[in-house]
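Peer 1: Pasting a structure below so you can have a look.
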Amino acid sequence: MLKAITNNPYRVLGVLSNSPLKDRVGNQNRLAAFAKVGKEVSFPNDFASVITEKPQRSAENISAANTALNLDKDQLKNALFWFIVGSPIDEIAIKHLQSGNKDKARELFEKKETFSSLLNIGVMQLIESNYTSGFSNISTLIHNANYRSEMLNALGLSNITMTEDEIASMFIGELLKEIPASTLLSAASNPNDKAIIGKIALEEPLSLINSAIATAKATDSKNSKASLDAGSKLMNSTKNALKQVKDITGAKSSQYQMVADNLAKQILQCGINYYNNAPDEDVEAPRKAMVLQKYALDIAVGQLTKDRCKENYKIIKEAVDNMPPVEVALETRKVKDELRKFCALPDKISYSITLLNNTKPLLQTIKTKLGSTNAFYLSLSTQVVGNALHNLIEEVNQVQNLLGAIVAAAKKAGVDPAMLNYLGDEHSPAKIIDNKLKPVVREAWKATTIMDTFDMESDFRTNRYNANRKSLKEMCDSLHISTAVSTPRSTPRTRTTTRPTAPRTTSTSSTSSYGSSSSSPKEKNTGWPAFWIATLICAIIGAMANGSEGFFCGGILGAMIVGNIARSIFRED
């Protein structure tokens with residue numbers, strides 16, 4: 001029930017709003033006398049049968065009630081929420097109401113519309129929480145010039161200087177302290193009332209929202225914790241205020257759109273500041289930021305604000321989708337750190353082996369916690385293998401490309417590449433195979449035996465890993481490198497899922513499969529003169545560096561070298 005009624009000063013003093021002053025003074029004396037002996041006092045005008053809550057009559061409350069009726073304006077304000085006698089019918093009806101017979105009282109009040117019947121029926125309806133009808137009846141009284149004048153005369157306030165709208169504003173302001181503005185707006189038929197309700201009702205929520213936004217803006221944008229706290233506080237402290245603005249002005253009003261968008265942009269910015277500056281150990285940062293980003297998107301109205309919120313929400317959602325389960329967040333972060341370090345290094349197999357060895361115990365812990373068939377675990381493990389495999393392919397292919405270039409250059413010069421092996425030069429096919437290709441392939445197979453122990457998504461294992469493993473094994477067999485150390489594990493039966501974004505892509509388009517070796521370590525001597533073979537090797541090496549001009553110069557250099565050797569031999573002879 002409205003406190004404006006239960007704690008009404010007229011009720012505390014046990015009188016009607018237009019009771020003679022002597023009645024008020026007499027009741028005060030009686031209250032004071034009974035208070036001295038510790039007894040309570042009740043009056044007929046307590047309307048105890050209608051208003052169940054007892055009036056508070058401590059010395060302080062009585063003093064406050066008297067103070068509240070000192071000014072004409074305050075007398076009028078409190079009179080709008082209390083009963084009055086303006087006619088003989090009112091007197092009879094009030095007696096019925098004092099005895100608890102509400103129906104009879106209402107029947108008498110409704111016999112004829114007068115200022116007092118409108119006021120008394122309105123107060124009864126407010127007591128019954130029928131706010132719409134109560135507001136309507138009292139508003140009719142206020143906006144009728146004759147009724148308003150009669151009421152002021154009955155209260156002894158005919159000299160009051162308040163205008164119609166000022167009285168309406170005072171009445172509405174008291175109601176809005178306890179009744180939602182939307183309730184009053186639905187009851188208001190007078191355009192001025194609607195405007196007054198909107199203006200008064202919006203003052204508090206708009207002030208609260210604007211103040212909260214200003215406070216959030218003043219937060220240090222580089223301080224992640226402060227940004228998160230500011231955004232969360234701004235979101236939670238303004239929810240009711242924003243709803244009030246929406247209820248009062250309507251969801252499509254420009255006023256609501258402006259305040260909603262301002263609020264959304266600041267909450268969004270707090271979320272961005274937090275996410276961008278969150279420390280690495282704050283593994284829950286995306287999920288925490290998502291709360292703010294989603295709320296900002298939900299309340300945004302204007303298209304520009306909505307688009308900005310959607311863009312940031314999409315980024316955060318992707319990060320949340322890629323977040324590890326909470327129980328393995330620490331291990332996952334360490335694996336990701338290893339992947340980041342790995343991707344900053346050259347494409348060497350040795351780094352792949354380091355990556356595999358460093359991440360294996362971490363992945364085993366994740367596997368123990370989540371299970372061997374868990375989609376997240378398989379995705380992360382596959383990501384590690386995919387990155388390691390990339391280096392194997394790159395380094396093996398690099399050596400094969402060198403070998404292929406020398407062989408191709410020899411063939412282009414019309415020379416059998418096998419002839420290059422007889423010089424024993426480090427750039428001969430045989431030397432490249434023995435000193436470069438074999439060690440790289442051997443290390444690649446070592447890394448493969450480690451990768452064999454890793455779990456992978458079935459699609460990756462079948463379509464990418466096994467194919468490259470088979471090519472590498474064939475290369476090992478052709479080079480007489482033992483592969484008896486390990487055999488591939490069977491593929492676990494799991495559903496494939498979309499993998500989180502890898503630090504380095506492992507798609508077929510970015511890394512080629514192993515090439516094939518075509519040269520044998522040694523070939524039968526065809527009897528080419530040493531002079532021409534040496535010349536050709538120099539020419540090929542020169543061509544690899546400088547093209548045809550290098551080939552020509554290299555040939556001359558080879559001839560000079562062989563010539564010098566020949567002259568030396570002849571001298572010794």
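Every chain in the structure tokens takes a letter, A first, then B, and so on in the order presented; its residues are numbered from 1, and the ligands are numbered from 1 following the presented order.
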Tell me, as a PyMOL selection string, which residues lie within 9 Å of segment 46-48 of chain A, counting only C-alpha atoms; anything in the same chain fewer than 4 positions away does not count.
Peer 2: chain A and resi 11-15+42+52-55+97-100
Peer 1: Hey, what's within 12 Å of Pro205 of chain A if we count only C-alpha atoms and toss same-chain stuff fewer than 2 positions away? As number ranges by chain, please?
Peer 2: A: 181, 198-203, 207-212, 237-248, 256, 259-260
Peer 1: Pick out the residues sitting within 10 Å of Asn120 of chain A, and hand them over as number ranges by chain; count only C-alpha atoms, and ignore anything fewer than 2 positions along from it in its own chain.
Peer 2: A: 80-86, 90, 93-94, 105-106, 109-110, 114-118, 122-126, 134, 137-138
Peer 1: Can you measure atom CA of Pro88 of chain A to atom CA of Asn18 of chain A for me? One decimal in Å is fine.
Peer 2: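 Answer for the atom CA of Pro88 of chain A to atom CA of Asn18 of chain A separation: 13.9 Å.
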Peer 1: Kindly indicate which residue among A:Arg308, A:Trp445, A:Glu457, A:Val41 lies nearest to Ser381 of chain A, using only C-alpha atoms for the distances.
Peer 2: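 The closest residue to Ser381 of chain A is A:Glu457.
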Peer 1: So which residues touch Asn276 of chain A within 12 Å, counting only C-alpha atoms, skipping near sequence neighbours fewer than 5 positions away, as a PDB file with N, CA and C atoms, in the first residue's frame?
Peer 2:
ATOM      1  N   SER A 221      41.790   3.036 -19.201  1.00  0.00           N
ATOM      2  CA  SER A 221      41.514   2.072 -20.275  1.00  0.00           C
ATOM      3  C   SER A 221      42.588   0.993 -20.387  1.00  0.00           C
ATOM      4  N   LYS A 222      43.774   1.221 -19.837  1.00  0.00           N
ATOM      5  CA  LYS A 222      44.862   0.239 -19.912  1.00  0.00           C
ATOM      6  C   LYS A 222      44.815  -0.770 -18.754  1.00  0.00           C
ATOM      7  N   ASN A 223      43.980  -0.490 -17.777  1.00  0.00           N
ATOM      8  CA  ASN A 223      43.864  -1.371 -16.618  1.00  0.00           C
ATOM      9  C   ASN A 223      42.737  -2.369 -16.887  1.00  0.00           C
ATOM     10  N   SER A 224      43.099  -3.610 -17.177  1.00  0.00           N
ATOM     11  CA  SER A 224      42.096  -4.601 -17.591  1.00  0.00           C
ATOM     12  C   SER A 224      41.069  -4.875 -16.502  1.00  0.00           C
ATOM     13  N   LYS A 225      41.539  -5.046 -15.263  1.00  0.00           N
ATOM     14  CA  LYS A 225      40.608  -5.349 -14.174  1.00  0.00           C
ATOM     15  C   LYS A 225      39.652  -4.180 -13.929  1.00  0.00           C
ATOM     16  N   SER A 227      38.725  -1.970 -16.067  1.00  0.00           N
ATOM     17  CA  SER A 227      37.806  -1.881 -17.207  1.00  0.00           C
ATOM     18  C   SER A 227      36.684  -2.900 -17.079  1.00  0.00           C
ATOM     19  N   LEU A 228      37.038  -4.121 -16.670  1.00  0.00           N
ATOM     20  CA  LEU A 228      36.015  -5.157 -16.497  1.00  0.00           C
ATOM     21  C   LEU A 228      35.051  -4.773 -15.381  1.00  0.00           C
ATOM     22  N   GLN A 269      32.952  -0.625 -25.010  1.00  0.00           N
ATOM     23  CA  GLN A 269      34.335  -0.138 -24.903  1.00  0.00           C
ATOM     24  C   GLN A 269      35.025  -0.694 -23.663  1.00  0.00           C
ATOM     25  N   CYS A 270      34.288  -0.787 -22.577  1.00  0.00           N
ATOM     26  CA  CYS A 270      34.871  -1.384 -21.366  1.00  0.00           C
ATOM     27  C   CYS A 270      35.282  -2.828 -21.628  1.00  0.00           C
ATOM     28  N   GLY A 271      34.431  -3.562 -22.352  1.00  0.00           N
ATOM     29  CA  GLY A 271      34.753  -4.945 -22.690  1.00  0.00           C
ATOM     30  C   GLY A 271      35.968  -5.048 -23.579  1.00  0.00           C
ATOM     31  N   ASP A 282      45.075 -14.766 -17.510  1.00  0.00           N
ATOM     32  CA  ASP A 282      43.616 -14.637 -17.400  1.00  0.00           C
ATOM     33  C   ASP A 282      42.976 -15.427 -18.538  1.00  0.00           C
ATOM     34  N   ALA A 285      39.435 -14.635 -20.018  1.00  0.00           N
ATOM     35  CA  ALA A 285      39.183 -13.288 -20.535  1.00  0.00           C
ATOM     36  C   ALA A 285      38.119 -13.246 -21.634  1.00  0.00           C
ATOM     37  N   PRO A 286      38.177 -14.112 -22.642  1.00  0.00           N
ATOM     38  CA  PRO A 286      37.137 -14.041 -23.684  1.00  0.00           C
ATOM     39  C   PRO A 286      35.731 -14.250 -23.138  1.00  0.00           C
ATOM     40  N   ALA A 289      34.644 -11.145 -21.178  1.00  0.00           N
ATOM     41  CA  ALA A 289      34.366 -10.022 -22.081  1.00  0.00           C
ATOM     42  C   ALA A 289      33.071 -10.247 -22.848  1.00  0.00           C
ATOM     43  N   ASN A 312      32.420  -6.609 -32.946  1.00  0.00           N
ATOM     44  CA  ASN A 312      33.207  -7.001 -31.769  1.00  0.00           C
ATOM     45  C   ASN A 312      32.687  -8.282 -31.146  1.00  0.00           C
ATOM     46  N   ILE A 315      34.146 -11.247 -32.966  1.00  0.00           N
ATOM     47  CA  ILE A 315      35.550 -11.513 -32.609  1.00  0.00           C
ATOM     48  C   ILE A 315      35.634 -12.248 -31.269  1.00  0.00           C
ATOM     49  N   ILE A 316      34.894 -11.747 -30.291  1.00  0.00           N
ATOM     50  CA  ILE A 316      34.940 -12.360 -28.966  1.00  0.00           C
ATOM     51  C   ILE A 316      34.328 -13.757 -28.998  1.00  0.00           C
TER      52      ILE A 316
END
Peer 1: Excluding same-chain residues fewer than 3 positions from Ser372 of chain A, what lies within 12 Å of it counting only C-alpha atoms, as a list in words?
Peer 2: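 Answer for this query is Leu363, Gln364, Thr365, Ile366, Lys367, Thr368, Lys369, Ala375, Phe376, Tyr377, Leu378, Ser379, Leu380, Ser381, Phe454, Asp455, Met456, Glu457, Thr491, Pro492, Arg493 and Thr494 of chain A.
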Peer 1: Name all residues at most 12 Å from Lys436 of chain A (count only C-alpha atoms; drop same-chain ones fewer than 6 positions away) and give them as number ranges by chain.
Peer 2: A: 395-403, 426-430, 442-443
Peer 1: Keeping only N, CA and C atoms, write those residues as a PDB file, in the first residue's frame.
Peer 2:
ATOM      1  N   GLU A 395      62.010 -29.153 -44.827  1.00  0.00           N
ATOM      2  CA  GLU A 395      63.465 -29.382 -44.837  1.00  0.00           C
ATOM      3  C   GLU A 395      63.855 -30.520 -45.778  1.00  0.00           C
ATOM      4  N   VAL A 396      63.056 -31.578 -45.812  1.00  0.00           N
ATOM      5  CA  VAL A 396      63.343 -32.675 -46.743  1.00  0.00           C
ATOM      6  C   VAL A 396      63.252 -32.176 -48.172  1.00  0.00           C
ATOM      7  N   ASN A 397      62.209 -31.422 -48.483  1.00  0.00           N
ATOM      8  CA  ASN A 397      62.038 -30.911 -49.850  1.00  0.00           C
ATOM      9  C   ASN A 397      63.133 -29.926 -50.237  1.00  0.00           C
ATOM     10  N   GLN A 398      63.641 -29.187 -49.253  1.00  0.00           N
ATOM     11  CA  GLN A 398      64.708 -28.231 -49.548  1.00  0.00           C
ATOM     12  C   GLN A 398      65.962 -28.951 -50.052  1.00  0.00           C
ATOM     13  N   VAL A 399      66.330 -30.066 -49.397  1.00  0.00           N
ATOM     14  CA  VAL A 399      67.511 -30.829 -49.826  1.00  0.00           C
ATOM     15  C   VAL A 399      67.252 -31.472 -51.176  1.00  0.00           C
ATOM     16  N   GLN A 400      66.043 -32.028 -51.342  1.00  0.00           N
ATOM     17  CA  GLN A 400      65.719 -32.657 -52.620  1.00  0.00           C
ATOM     18  C   GLN A 400      65.742 -31.634 -53.754  1.00  0.00           C
ATOM     19  N   ASN A 401      65.307 -30.426 -53.467  1.00  0.00           N
ATOM     20  CA  ASN A 401      65.315 -29.386 -54.501  1.00  0.00           C
ATOM     21  C   ASN A 401      66.742 -29.045 -54.924  1.00  0.00           C
ATOM     22  N   LEU A 402      67.678 -29.025 -53.953  1.00  0.00           N
ATOM     23  CA  LEU A 402      69.083 -28.773 -54.276  1.00  0.00           C
ATOM     24  C   LEU A 402      69.623 -29.864 -55.188  1.00  0.00           C
ATOM     25  N   LEU A 403      69.340 -31.113 -54.802  1.00  0.00           N
ATOM     26  CA  LEU A 403      69.791 -32.245 -55.602  1.00  0.00           C
ATOM     27  C   LEU A 403      69.174 -32.199 -56.997  1.00  0.00           C
ATOM     28  N   GLU A 426      81.772 -31.934 -53.135  1.00  0.00           N
ATOM     29  CA  GLU A 426      80.684 -31.906 -52.155  1.00  0.00           C
ATOM     30  C   GLU A 426      79.333 -31.577 -52.791  1.00  0.00           C
ATOM     31  N   HIS A 427      79.364 -31.015 -54.011  1.00  0.00           N
ATOM     32  CA  HIS A 427      78.125 -30.701 -54.701  1.00  0.00           C
ATOM     33  C   HIS A 427      77.708 -31.795 -55.666  1.00  0.00           C
ATOM     34  N   SER A 428      78.400 -32.886 -55.664  1.00  0.00           N
ATOM     35  CA  SER A 428      78.008 -33.998 -56.528  1.00  0.00           C
ATOM     36  C   SER A 428      76.772 -34.660 -55.942  1.00  0.00           C
ATOM     37  N   PRO A 429      75.938 -35.285 -56.771  1.00  0.00           N
ATOM     38  CA  PRO A 429      74.726 -35.950 -56.278  1.00  0.00           C
ATOM     39  C   PRO A 429      75.004 -36.925 -55.151  1.00  0.00           C
ATOM     40  N   ALA A 430      76.033 -37.714 -55.277  1.00  0.00           N
ATOM     41  CA  ALA A 430      76.331 -38.722 -54.256  1.00  0.00           C
ATOM     42  C   ALA A 430      76.642 -38.067 -52.912  1.00  0.00           C
ATOM     43  N   ARG A 442      66.762 -39.106 -42.116  1.00  0.00           N
ATOM     44  CA  ARG A 442      66.884 -39.883 -40.891  1.00  0.00           C
ATOM     45  C   ARG A 442      66.260 -39.128 -39.703  1.00  0.00           C
ATOM     46  N   GLU A 443      66.526 -37.808 -39.631  1.00  0.00           N
ATOM     47  CA  GLU A 443      65.957 -37.006 -38.542  1.00  0.00           C
ATOM     48  C   GLU A 443      64.444 -36.844 -38.725  1.00  0.00           C
TER      49      GLU A 443
END
Peer 1: DSSP says helix (DSSP H, G or I) for which residues of segment 84-307 of chain A? Put them as a PyMOL selection string?
Peer 2: chain A and resi 88-98+102-109+115-127+131-143+145-154+164-176+181-187+191-217+224-237+239-249+254-277+285-299+303-307
